[in-house]
>>> print(open('coords_3.txt').read())   # compact mmCIF, C-alpha atoms
# COMPACT_ATOMS: atom_id res chain seq x y z
CA MET A 1 -19.35 -17.74 19.60
CA THR A 2 -20.81 -16.90 16.18
CA GLU A 3 -22.73 -19.48 14.16
CA TYR A 4 -22.28 -20.07 10.45
CA ALA A 5 -23.59 -22.43 7.79
CA VAL A 6 -21.89 -23.80 4.67
CA TYR A 7 -23.88 -24.08 1.46
CA ASP A 8 -22.98 -25.68 -1.85
CA VAL A 9 -24.30 -23.20 -4.40
CA PHE A 10 -25.57 -23.75 -7.95
CA THR A 11 -26.31 -27.38 -7.19
CA ASP A 12 -29.05 -29.36 -5.45
CA LYS A 13 -26.65 -32.05 -4.25
CA PRO A 14 -24.08 -31.96 -1.45
CA PHE A 15 -20.41 -31.77 -2.46
CA GLY A 16 -21.12 -30.10 -5.81
CA GLY A 17 -21.32 -26.48 -6.86
CA ASN A 18 -19.40 -23.71 -5.14
CA GLN A 19 -18.86 -23.65 -1.39
CA LEU A 20 -20.05 -20.64 0.59
CA ALA A 21 -19.86 -19.90 4.29
CA VAL A 22 -22.67 -17.66 5.54
CA PHE A 23 -22.63 -15.85 8.87
CA PRO A 24 -26.33 -15.00 9.33
CA ASP A 25 -25.60 -12.58 12.20
CA ALA A 26 -22.16 -10.98 11.95
CA THR A 27 -23.07 -8.04 14.19
CA HIS A 28 -20.61 -8.93 16.94
CA LEU A 29 -17.67 -9.97 14.77
CA PRO A 30 -14.71 -7.56 14.97
CA GLU A 31 -14.19 -5.68 11.69
CA ASP A 32 -10.49 -6.54 11.70
CA ASP A 33 -11.29 -10.26 11.80
CA LEU A 34 -13.55 -10.48 8.73
CA GLN A 35 -10.78 -10.89 6.19
CA ASN A 36 -8.96 -13.41 8.38
CA ILE A 37 -12.13 -15.46 8.76
CA ALA A 38 -12.58 -15.54 4.98
CA LYS A 39 -8.95 -16.56 4.57
CA GLU A 40 -9.42 -19.31 7.17
CA PHE A 41 -12.28 -20.85 5.20
CA ASN A 42 -10.36 -20.41 1.93
CA PHE A 43 -13.59 -20.70 -0.08
CA SER A 44 -14.11 -18.48 -3.12
CA GLU A 45 -16.26 -16.26 -0.90
CA VAL A 46 -17.68 -15.88 2.61
CA THR A 47 -20.66 -13.65 3.42
CA PHE A 48 -21.37 -11.69 6.58
CA VAL A 49 -24.98 -10.64 7.16
CA TYR A 50 -25.99 -7.51 9.09
CA PRO A 51 -29.24 -5.64 9.75
CA PRO A 52 -30.20 -3.49 6.75
CA GLU A 53 -29.43 0.22 6.66
CA ASN A 54 -32.84 0.76 5.06
CA GLY A 55 -35.61 -0.68 7.20
CA ASP A 56 -37.57 -1.66 4.09
CA HIS A 57 -34.79 -4.04 3.02
CA THR A 58 -34.03 -7.54 4.29
CA ALA A 59 -30.33 -7.45 5.17
CA LYS A 60 -26.95 -5.93 4.46
CA VAL A 61 -24.48 -8.45 3.04
CA ARG A 62 -20.71 -8.10 2.84
CA ILE A 63 -18.75 -10.48 0.61
CA PHE A 64 -15.11 -11.47 1.14
CA THR A 65 -12.79 -13.58 -0.99
CA PRO A 66 -9.66 -15.02 0.67
CA THR A 67 -7.81 -11.77 -0.11
CA MET A 68 -10.31 -8.89 -0.37
CA GLU A 69 -13.83 -7.59 0.08
CA VAL A 70 -15.80 -7.39 -3.17
CA PRO A 71 -18.95 -5.37 -3.92
CA PHE A 72 -20.82 -8.10 -5.76
CA ALA A 73 -20.60 -11.78 -6.59
CA GLY A 74 -23.17 -14.23 -7.86
CA HIS A 75 -22.87 -17.45 -5.89
CA PRO A 76 -22.64 -15.60 -2.53
CA THR A 77 -25.85 -13.73 -3.39
CA ILE A 78 -27.72 -16.91 -4.34
CA GLY A 79 -26.39 -18.84 -1.35
CA THR A 80 -27.08 -16.07 1.14
CA ALA A 81 -30.61 -15.60 -0.20
CA VAL A 82 -31.30 -19.32 0.26
CA ALA A 83 -29.77 -19.19 3.76
CA LEU A 84 -32.03 -16.27 4.70
CA ALA A 85 -35.05 -18.08 3.28
CA ASP A 86 -34.11 -21.12 5.37
CA THR A 87 -34.32 -18.92 8.49
CA GLY A 88 -37.75 -17.53 7.62
CA HIS A 89 -37.13 -14.55 5.36
CA GLY A 90 -38.69 -14.04 1.97
CA PRO A 91 -39.54 -15.34 -0.45
CA ASP A 92 -39.06 -11.80 -1.78
CA MET A 93 -36.20 -9.85 -0.27
CA VAL A 94 -33.83 -6.96 -0.96
CA LEU A 95 -30.17 -7.40 -0.08
CA GLU A 96 -27.90 -4.40 0.36
CA LEU A 97 -24.62 -5.14 -1.44
CA GLY A 98 -21.62 -3.04 -2.37
CA VAL A 99 -23.22 -2.34 -5.75
CA GLY A 100 -26.46 -1.19 -4.10
CA PRO A 101 -29.79 -2.85 -3.25
CA LEU A 102 -30.46 -6.09 -5.11
CA ALA A 103 -33.89 -7.70 -5.41
CA CYS A 104 -33.88 -11.44 -4.73
CA ARG A 105 -36.41 -14.22 -4.45
CA ALA A 106 -35.66 -17.46 -2.61
CA SER A 107 -37.62 -20.51 -1.45
CA ASP A 108 -37.29 -24.29 -1.27
CA GLY A 109 -33.54 -24.27 -1.91
CA SER A 110 -33.66 -22.10 -5.04
CA ALA A 111 -33.01 -18.41 -5.55
CA GLN A 112 -32.73 -15.76 -8.19
CA PHE A 113 -31.66 -12.16 -8.31
CA THR A 114 -31.80 -9.45 -10.93
CA THR A 115 -29.12 -6.82 -11.43
CA GLU A 116 -29.63 -3.67 -13.46
CA VAL A 117 -26.03 -2.50 -13.17
CA ALA A 118 -24.87 -1.38 -16.60
CA LEU A 119 -22.29 -3.47 -18.45
CA GLU A 120 -18.89 -1.80 -18.53
CA ARG A 121 -16.05 -2.77 -20.84
CA LEU A 122 -12.75 -2.01 -19.10
CA ALA A 123 -10.10 -3.24 -21.53
CA SER A 124 -9.27 -5.51 -24.45
CA PRO A 125 -6.39 -7.71 -23.25
CA ALA A 126 -4.13 -9.04 -25.98
CA PRO A 127 -5.23 -12.51 -27.15
CA GLU A 128 -1.61 -13.66 -26.90
CA LEU A 129 -1.50 -12.73 -23.21
CA VAL A 130 -4.84 -14.43 -22.52
CA ALA A 131 -3.66 -17.53 -24.36
CA ARG A 132 -0.54 -17.70 -22.17
CA ALA A 133 -2.63 -17.22 -19.03
CA LEU A 134 -4.88 -20.13 -20.04
CA GLY A 135 -2.06 -22.33 -21.39
CA ILE A 136 -3.42 -22.64 -24.93
CA SER A 137 -2.57 -21.66 -28.47
CA VAL A 138 -3.86 -18.26 -29.52
CA ASP A 139 -5.54 -20.07 -32.46
CA ALA A 140 -7.95 -21.70 -29.97
CA ILE A 141 -9.44 -18.29 -29.11
CA LEU A 142 -12.50 -17.37 -31.16
CA THR A 143 -12.97 -13.72 -32.11
CA GLN A 144 -15.95 -13.82 -34.47
CA THR A 145 -18.39 -12.76 -31.73
CA HIS A 146 -15.89 -10.86 -29.60
CA ALA A 147 -12.17 -10.79 -28.87
CA PRO A 148 -11.09 -11.27 -25.25
CA VAL A 149 -12.70 -8.45 -23.30
CA MET A 150 -12.39 -7.36 -19.68
CA ALA A 151 -15.92 -6.47 -18.60
CA THR A 152 -17.84 -5.98 -15.38
CA LEU A 153 -21.21 -5.69 -13.72
CA GLY A 154 -19.45 -4.99 -10.44
CA LEU A 155 -16.64 -7.55 -10.52
CA ALA A 156 -14.27 -7.63 -13.49
CA PHE A 157 -13.46 -10.69 -15.62
CA THR A 158 -11.65 -11.19 -18.89
CA ILE A 159 -14.17 -13.12 -20.99
CA THR A 160 -12.87 -15.32 -23.80
CA GLU A 161 -14.67 -17.67 -26.18
CA LEU A 162 -12.80 -20.88 -27.06
CA ASP A 163 -13.11 -23.22 -30.02
CA CYS A 164 -14.27 -26.45 -28.31
CA LYS A 165 -14.89 -28.29 -25.04
CA ASP A 166 -11.65 -30.28 -25.40
CA THR A 167 -9.70 -27.01 -25.34
CA LEU A 168 -11.71 -25.85 -22.33
CA SER A 169 -11.02 -29.08 -20.43
CA ALA A 170 -7.30 -28.92 -21.20
CA LEU A 171 -6.66 -25.42 -19.80
CA GLN A 172 -3.54 -25.12 -17.63
CA THR A 173 -2.98 -21.68 -16.12
CA ASP A 174 0.30 -19.74 -16.12
CA VAL A 175 0.46 -17.58 -13.01
CA ALA A 176 3.26 -15.43 -14.46
CA ALA A 177 0.95 -14.39 -17.29
CA PHE A 178 -1.77 -13.53 -14.75
CA ARG A 179 0.68 -11.26 -12.93
CA GLU A 180 1.60 -9.60 -16.22
CA GLY A 181 -2.08 -9.11 -17.04
CA ALA A 182 -2.89 -7.70 -13.62
CA LYS A 183 -0.06 -5.18 -13.98
CA ALA A 184 -1.18 -4.18 -17.47
CA HIS A 185 -4.86 -3.97 -16.52
CA PRO A 186 -5.10 -2.92 -12.85
CA ALA A 187 -8.82 -2.16 -13.16
CA GLY A 188 -9.33 -5.92 -13.43
CA LEU A 189 -7.97 -6.43 -9.88
CA ASP A 190 -6.50 -9.91 -10.38
CA PHE A 191 -6.87 -10.53 -14.17
CA ALA A 192 -9.51 -13.19 -13.47
CA GLN A 193 -10.18 -15.30 -16.57
CA PHE A 194 -13.60 -16.61 -17.62
CA ALA A 195 -13.30 -18.91 -20.63
CA TYR A 196 -16.31 -20.48 -22.31
CA VAL A 197 -17.63 -22.60 -25.17
CA ARG A 198 -21.13 -21.88 -26.45
CA GLU A 199 -23.47 -24.43 -28.00
CA GLY A 200 -26.65 -22.48 -28.65
CA ASP A 201 -28.22 -21.66 -25.30
CA VAL A 202 -25.90 -24.06 -23.45
CA VAL A 203 -22.53 -22.74 -22.27
CA HIS A 204 -19.63 -24.64 -20.72
CA ALA A 205 -17.25 -22.43 -18.76
CA ARG A 206 -14.28 -22.28 -16.41
CA MET A 207 -13.00 -19.40 -14.27
CA PHE A 208 -9.52 -18.88 -12.85
CA ALA A 209 -8.30 -16.24 -10.37
CA PRO A 210 -5.02 -17.58 -8.93
CA LEU A 211 -3.85 -14.14 -7.81
CA ASP A 212 -6.89 -14.05 -5.51
CA ASN A 213 -6.06 -17.51 -4.08
CA ILE A 214 -8.73 -19.09 -6.30
CA PRO A 215 -6.89 -21.49 -8.63
CA GLU A 216 -10.25 -22.37 -10.17
CA ASP A 217 -13.82 -21.46 -9.25
CA PRO A 218 -16.55 -24.11 -9.66
CA ALA A 219 -19.36 -21.56 -10.18
CA THR A 220 -19.08 -17.82 -10.81
CA GLY A 221 -22.47 -16.15 -10.98
CA SER A 222 -21.08 -12.65 -11.45
CA ALA A 223 -19.02 -13.76 -14.47
CA CYS A 224 -22.02 -15.60 -15.91
CA ALA A 225 -24.13 -12.46 -15.48
CA THR A 226 -21.47 -10.41 -17.24
CA LEU A 227 -21.32 -12.93 -20.10
CA GLY A 228 -25.10 -12.74 -20.51
CA ALA A 229 -25.03 -8.93 -20.56
CA LEU A 230 -22.13 -8.94 -23.02
CA LEU A 231 -23.75 -11.36 -25.48
CA ALA A 232 -27.09 -9.52 -25.30
CA ASP A 233 -25.32 -6.24 -26.01
CA ILE A 234 -23.32 -7.65 -28.92
CA GLU A 235 -26.21 -9.52 -30.51
CA GLY A 236 -28.83 -6.86 -29.88
CA ASN A 237 -31.23 -9.46 -28.47
CA ASP A 238 -32.01 -10.79 -25.03
CA VAL A 239 -30.48 -14.17 -24.23
CA THR A 240 -31.32 -17.15 -22.04
CA LEU A 241 -28.37 -19.36 -21.11
CA ARG A 242 -27.80 -22.52 -19.09
CA ILE A 243 -24.18 -22.39 -17.98
CA HIS A 244 -22.32 -25.49 -16.82
CA GLN A 245 -19.23 -24.83 -14.73
CA GLY A 246 -17.07 -26.88 -12.38
CA ASP A 247 -17.36 -30.13 -14.35
CA ASP A 248 -13.59 -30.38 -14.81
CA MET A 249 -13.14 -29.94 -11.04
CA GLY A 250 -15.62 -32.61 -10.05
CA ARG A 251 -17.96 -29.95 -8.61
CA SER A 252 -20.62 -29.62 -11.29
CA SER A 253 -22.64 -26.40 -11.21
CA VAL A 254 -25.58 -25.12 -13.24
CA ILE A 255 -26.25 -21.38 -13.50
CA GLY A 256 -29.30 -19.90 -15.18
CA VAL A 257 -28.89 -16.55 -16.97
CA THR A 258 -31.68 -14.48 -18.53
CA THR A 259 -31.44 -10.92 -19.82
CA LEU A 260 -34.29 -8.47 -20.33
CA ASP A 261 -33.85 -4.90 -21.52
CA GLY A 262 -30.42 -4.50 -19.94
CA ALA A 263 -31.22 -6.31 -16.69
CA VAL A 264 -29.69 -9.72 -15.95
CA THR A 265 -31.31 -12.42 -13.81
CA ILE A 266 -29.20 -15.18 -12.28
CA SER A 267 -30.89 -18.28 -10.89
CA GLY A 268 -29.77 -21.47 -9.20
CA GLN A 269 -30.08 -23.82 -6.27
CA ALA A 270 -28.17 -24.17 -3.02
CA LYS A 271 -27.82 -27.02 -0.53
CA LYS A 272 -26.82 -26.61 3.12
CA VAL A 273 -24.11 -29.13 3.97
CA MET A 274 -22.58 -27.97 7.26
CA GLU A 275 -23.26 -25.89 10.36
CA GLY A 276 -20.74 -24.66 12.85
CA ARG A 277 -19.55 -21.81 15.04
CA LEU A 278 -16.45 -19.77 15.61
CA VAL A 279 -14.86 -20.57 18.96
CA TYR A 280 -11.70 -18.43 19.09
>>> encode(input="coords_3.txt", output="structure tokens")
Amino acid sequence: MTEYAVYDVFTDKPFGGNQLAVFPDATHLPEDDLQNIAKEFNFSEVTFVYPPENGDHTAKVRIFTPTMEVPFAGHPTIGTAVALADTGHGPDMVLELGVGPLACRASDGSAQFTTEVALERLASPAPELVARALGISVDAILTQTHAPVMATLGLAFTITELDCKDTLSALQTDVAAFREGAKAHPAGLDFAQFAYVREGDVVHARMFAPLDNIPEDPATGSACATLGALLADIEGNDVTLRIHQGDDMGRSSVIGVTTLDGAVTISGQAKKVMEGRLVY
């Protein structure tokens, strides 16, 4: 029987933020069962923690969505760091992820990590296709700062700026358009869409990945990190952002983003809400 804990991530209150199941010792779980376990939870992600390959590091962490293993994701990193701190690790730690070692710091229910993975632009999806995927008029897409762009720091998202919060709140996804986008841009895996409205240093955002069994994600740290890197690159200055996500789902999340000379730091809180064990 293997124990796990469930954390709500990017919130300090239970039943907000983004749910994450953490298996703090996955050593004895069969490899063939990992994907099925993630599918059983049906959260955006589940993490499985193993001893580090490098003895100077804290742990090796594998991240699974309901349909695939991914090399990097933000809320699983924050939540797993807090979970490890809750069991006595830290506050400083290095987690081995699919994108390589990642420095983290966690204590008292808060965590942050810094990634130095270079921003990569993969494609420029047609605004008309993005508009259909999001269920809006193409006129609601702003292009003064950037047109819709598929970018990644390890996990790809199409990032699109919208004209106002009312448009953001009214989004209704079209799965057929997502399938078309995924076929046209296979490097983006599932044509995940990250739409946002910016008001100075405050950003309101939503993320949709229905082809990955995630109709909407209440907090997406990897997408927020990519947005920060993108804006810093475009503007030629470092940025500090406070990103609000999940409000339209009733699972409010707050993600901190700070860039410095090409590196991106993501910060947030996490609250343990459940403990359990596998019994099959």
>>> residues_around(input="coords_3.txt", residues="Glu45 (chain A)", least_positions_apart="3", cutoff="7 Å", atoms="only C-alpha atoms", output="PyMOL selection string")
chain A and resi 20+38+63-66+76
>>> residues_near_point(input="coords_3.txt", point="(-28.8, -28.0, -4.2)", cutoff="8 Å", atoms="only C-alpha atoms", output="number ranges by chain")
A: 8-14, 109-110, 269-272
>>> atom_distance(input="coords_3.txt", atom1="CA of Phe43 (chain A)", atom2="CA of Ala81 (chain A)")
17.8 Å
>>> atom_distance(input="coords_3.txt", atom1="CA of Asp261 (chain A)", atom2="CA of Ala205 (chain A)")
24.3 Å
>>> axis_aligned_box(input="coords_3.txt", around="region 150-158 of chain A", padding_each_side="3 Å", output="JSON")
{"center_x": -16.4, "center_y": -8.1, "center_z": -15.1, "size_x": 15.6, "size_y": 12.2, "size_z": 15.2}
>>> residues_around(input="coords_3.txt", residues="Asp56 (chain A)", least_positions_apart="5", cutoff="12 Å", atoms="all atoms listed in the file", output="ChimeraX atom specification")
/A:51,92-96,101,103
>>> atom_distance(input="coords_3.txt", atom1="CA of Asp108 (chain A)", atom2="CA of Val239 (chain A)")
26.0 Å
>>> closest_residue(input="coords_3.txt", among="A:Gly250, A:Gly17, A:Gly188, A:Gly154", to="Gly98 (chain A)", atoms="all atoms listed in the file")
A:Gly154
>>> residues_around(input="coords_3.txt", residues="Asp163 (chain A)", least_positions_apart="2", cutoff="8 Å", atoms="all atoms listed in the file", output="PyMOL selection string")
chain A and resi 140-142+161+165+167+197
>>> closest_residue(input="coords_3.txt", among="A:Val203, A:Leu122, A:Leu189, A:Val254", to="Gly16 (chain A)", atoms="all atoms listed in the file")
A:Val254
>>> residues_around(input="coords_3.txt", residues="region 116-120 of chain A", least_positions_apart="5", cutoff="7 Å", atoms="only C-alpha atoms", output="list in words")
Ala151, Thr152, Leu153, Ala229, Gly262, Ala263 and Val264 of chain A
>>> closest_residue(input="coords_3.txt", among="A:Arg132, A:Lys183, A:Arg251, A:Arg121", to="Ala156 (chain A)", atoms="all atoms listed in the file")
A:Arg121
>>> closest_residue(input="coords_3.txt", among="A:Ile214, A:Ala232, A:Val22, A:Ala219", to="Glu275 (chain A)", atoms="all atoms listed in the file")
A:Val22
>>> residues_around(input="coords_3.txt", residues="region 244-246 of chain A", least_positions_apart="5", cutoff="12 Å", atoms="all atoms listed in the file", output="number ranges by chain")
A: 9-11, 15-19, 165, 168-169, 194-199, 201-208, 216-221, 223-224, 251-257, 268
>>> write_last_selection(input="coords_3.txt", atoms="C-alpha atoms", output="mmCIF file, in the coordinates of the input")
data_model
loop_
_atom_site.group_PDB
_atom_site.id
_atom_site.type_symbol
_atom_site.label_atom_id
_atom_site.label_comp_id
_atom_site.auth_asym_id
_atom_site.auth_seq_id
_atom_site.Cartn_x
_atom_site.Cartn_y
_atom_site.Cartn_z
ATOM 1 C CA VAL A 9 -24.300 -23.200 -4.400
ATOM 2 C CA PHE A 10 -25.570 -23.750 -7.950
ATOM 3 C CA THR A 11 -26.310 -27.380 -7.190
ATOM 4 C CA PHE A 15 -20.410 -31.770 -2.460
ATOM 5 C CA GLY A 16 -21.120 -30.100 -5.810
ATOM 6 C CA GLY A 17 -21.320 -26.480 -6.860
ATOM 7 C CA ASN A 18 -19.400 -23.710 -5.140
ATOM 8 C CA GLN A 19 -18.860 -23.650 -1.390
ATOM 9 C CA LYS A 165 -14.890 -28.290 -25.040
ATOM 10 C CA LEU A 168 -11.710 -25.850 -22.330
ATOM 11 C CA SER A 169 -11.020 -29.080 -20.430
ATOM 12 C CA PHE A 194 -13.600 -16.610 -17.620
ATOM 13 C CA ALA A 195 -13.300 -18.910 -20.630
ATOM 14 C CA TYR A 196 -16.310 -20.480 -22.310
ATOM 15 C CA VAL A 197 -17.630 -22.600 -25.170
ATOM 16 C CA ARG A 198 -21.130 -21.880 -26.450
ATOM 17 C CA GLU A 199 -23.470 -24.430 -28.000
ATOM 18 C CA ASP A 201 -28.220 -21.660 -25.300
ATOM 19 C CA VAL A 202 -25.900 -24.060 -23.450
ATOM 20 C CA VAL A 203 -22.530 -22.740 -22.270
ATOM 21 C CA HIS A 204 -19.630 -24.640 -20.720
ATOM 22 C CA ALA A 205 -17.250 -22.430 -18.760
ATOM 23 C CA ARG A 206 -14.280 -22.280 -16.410
ATOM 24 C CA MET A 207 -13.000 -19.400 -14.270
ATOM 25 C CA PHE A 208 -9.520 -18.880 -12.850
ATOM 26 C CA GLU A 216 -10.250 -22.370 -10.170
ATOM 27 C CA ASP A 217 -13.820 -21.460 -9.250
ATOM 28 C CA PRO A 218 -16.550 -24.110 -9.660
ATOM 29 C CA ALA A 219 -19.360 -21.560 -10.180
ATOM 30 C CA THR A 220 -19.080 -17.820 -10.810
ATOM 31 C CA GLY A 221 -22.470 -16.150 -10.980
ATOM 32 C CA ALA A 223 -19.020 -13.760 -14.470
ATOM 33 C CA CYS A 224 -22.020 -15.600 -15.910
ATOM 34 C CA ARG A 251 -17.960 -29.950 -8.610
ATOM 35 C CA SER A 252 -20.620 -29.620 -11.290
ATOM 36 C CA SER A 253 -22.640 -26.400 -11.210
ATOM 37 C CA VAL A 254 -25.580 -25.120 -13.240
ATOM 38 C CA ILE A 255 -26.250 -21.380 -13.500
ATOM 39 C CA GLY A 256 -29.300 -19.900 -15.180
ATOM 40 C CA VAL A 257 -28.890 -16.550 -16.970
ATOM 41 C CA GLY A 268 -29.770 -21.470 -9.200
#
>>> closest_residue(input="coords_3.txt", among="A:Asp212, A:Asp174, A:Glu3, A:Asp86", to="Gly135 (chain A)", atoms="only C-alpha atoms")
A:Asp174
>>> closest_residue(input="coords_3.txt", among="A:Ser222, A:Thr115, A:Asn42, A:Ala26", to="Val70 (chain A)", atoms="all atoms listed in the file")
A:Ser222
>>> decode(input="coords_3.txt", residues="region 92-109 of chain A", atoms="N, CA, C and O atoms", output="mmCIF file, in the first residue's frame")
data_model
loop_
_atom_site.group_PDB
_atom_site.id
_atom_site.type_symbol
_atom_site.label_atom_id
_atom_site.label_comp_id
_atom_site.auth_asym_id
_atom_site.auth_seq_id
_atom_site.Cartn_x
_atom_site.Cartn_y
_atom_site.Cartn_z
ATOM 1 N N ASP A 92 16.024 24.639 1.151
ATOM 2 C CA ASP A 92 16.582 24.615 -0.198
ATOM 3 C C ASP A 92 16.681 23.178 -0.676
ATOM 4 O O ASP A 92 17.101 22.285 0.066
ATOM 5 N N MET A 93 16.308 22.963 -1.930
ATOM 6 C CA MET A 93 16.354 21.618 -2.492
ATOM 7 C C MET A 93 16.544 21.700 -3.993
ATOM 8 O O MET A 93 16.292 22.747 -4.614
ATOM 9 N N VAL A 94 16.993 20.600 -4.575
ATOM 10 C CA VAL A 94 17.124 20.475 -6.028
ATOM 11 C C VAL A 94 16.319 19.263 -6.459
ATOM 12 O O VAL A 94 16.562 18.141 -5.992
ATOM 13 N N LEU A 95 15.359 19.483 -7.348
ATOM 14 C CA LEU A 95 14.511 18.411 -7.848
ATOM 15 C C LEU A 95 14.947 18.044 -9.259
ATOM 16 O O LEU A 95 15.161 18.924 -10.102
ATOM 17 N N GLU A 96 15.084 16.761 -9.509
ATOM 18 C CA GLU A 96 15.445 16.279 -10.837
ATOM 19 C C GLU A 96 14.167 16.052 -11.643
ATOM 20 O O GLU A 96 13.374 15.154 -11.360
ATOM 21 N N LEU A 97 13.958 16.897 -12.663
ATOM 22 C CA LEU A 97 12.795 16.809 -13.532
ATOM 23 C C LEU A 97 13.225 16.392 -14.932
ATOM 24 O O LEU A 97 14.422 16.276 -15.220
ATOM 25 N N GLY A 98 12.245 16.225 -15.802
ATOM 26 C CA GLY A 98 12.554 15.850 -17.174
ATOM 27 C C GLY A 98 13.335 16.900 -17.932
ATOM 28 O O GLY A 98 13.988 16.593 -18.935
ATOM 29 N N VAL A 99 13.276 18.156 -17.474
ATOM 30 C CA VAL A 99 14.040 19.233 -18.109
ATOM 31 C C VAL A 99 15.401 19.418 -17.457
ATOM 32 O O VAL A 99 16.153 20.314 -17.831
ATOM 33 N N GLY A 100 15.718 18.589 -16.442
ATOM 34 C CA GLY A 100 16.988 18.704 -15.742
ATOM 35 C C GLY A 100 16.788 19.131 -14.302
ATOM 36 O O GLY A 100 15.662 19.310 -13.838
ATOM 37 N N PRO A 101 17.882 19.318 -13.556
ATOM 38 C CA PRO A 101 17.782 19.720 -12.150
ATOM 39 C C PRO A 101 17.180 21.114 -12.022
ATOM 40 O O PRO A 101 17.483 22.020 -12.798
ATOM 41 N N LEU A 102 16.307 21.269 -11.024
ATOM 42 C CA LEU A 102 15.631 22.547 -10.800
ATOM 43 C C LEU A 102 15.778 22.923 -9.335
ATOM 44 O O LEU A 102 15.412 22.164 -8.438
ATOM 45 N N ALA A 103 16.330 24.120 -9.099
ATOM 46 C CA ALA A 103 16.509 24.607 -7.734
ATOM 47 C C ALA A 103 15.186 25.114 -7.186
ATOM 48 O O ALA A 103 14.487 25.886 -7.846
ATOM 49 N N CYS A 104 14.834 24.692 -5.989
ATOM 50 C CA CYS A 104 13.587 25.091 -5.343
ATOM 51 C C CYS A 104 13.874 25.528 -3.909
ATOM 52 O O CYS A 104 14.883 25.150 -3.320
ATOM 53 N N ARG A 105 12.956 26.286 -3.363
ATOM 54 C CA ARG A 105 12.994 26.624 -1.946
ATOM 55 C C ARG A 105 11.565 26.554 -1.422
ATOM 56 O O ARG A 105 10.649 27.117 -2.040
ATOM 57 N N ALA A 106 11.379 25.855 -0.314
ATOM 58 C CA ALA A 106 10.029 25.669 0.217
ATOM 59 C C ALA A 106 10.055 25.638 1.734
ATOM 60 O O ALA A 106 10.927 25.008 2.343
ATOM 61 N N SER A 107 9.083 26.329 2.337
ATOM 62 C CA SER A 107 8.886 26.288 3.791
ATOM 63 C C SER A 107 7.565 26.937 4.115
ATOM 64 O O SER A 107 7.075 27.816 3.380
ATOM 65 N N ASP A 108 6.950 26.487 5.222
ATOM 66 C CA ASP A 108 5.722 27.102 5.737
ATOM 67 C C ASP A 108 4.634 27.240 4.682
ATOM 68 O O ASP A 108 3.936 28.249 4.619
ATOM 69 N N GLY A 109 4.492 26.222 3.832
ATOM 70 C CA GLY A 109 3.397 26.210 2.867
ATOM 71 C C GLY A 109 3.606 27.049 1.632
ATOM 72 O O GLY A 109 2.677 27.198 0.827
#
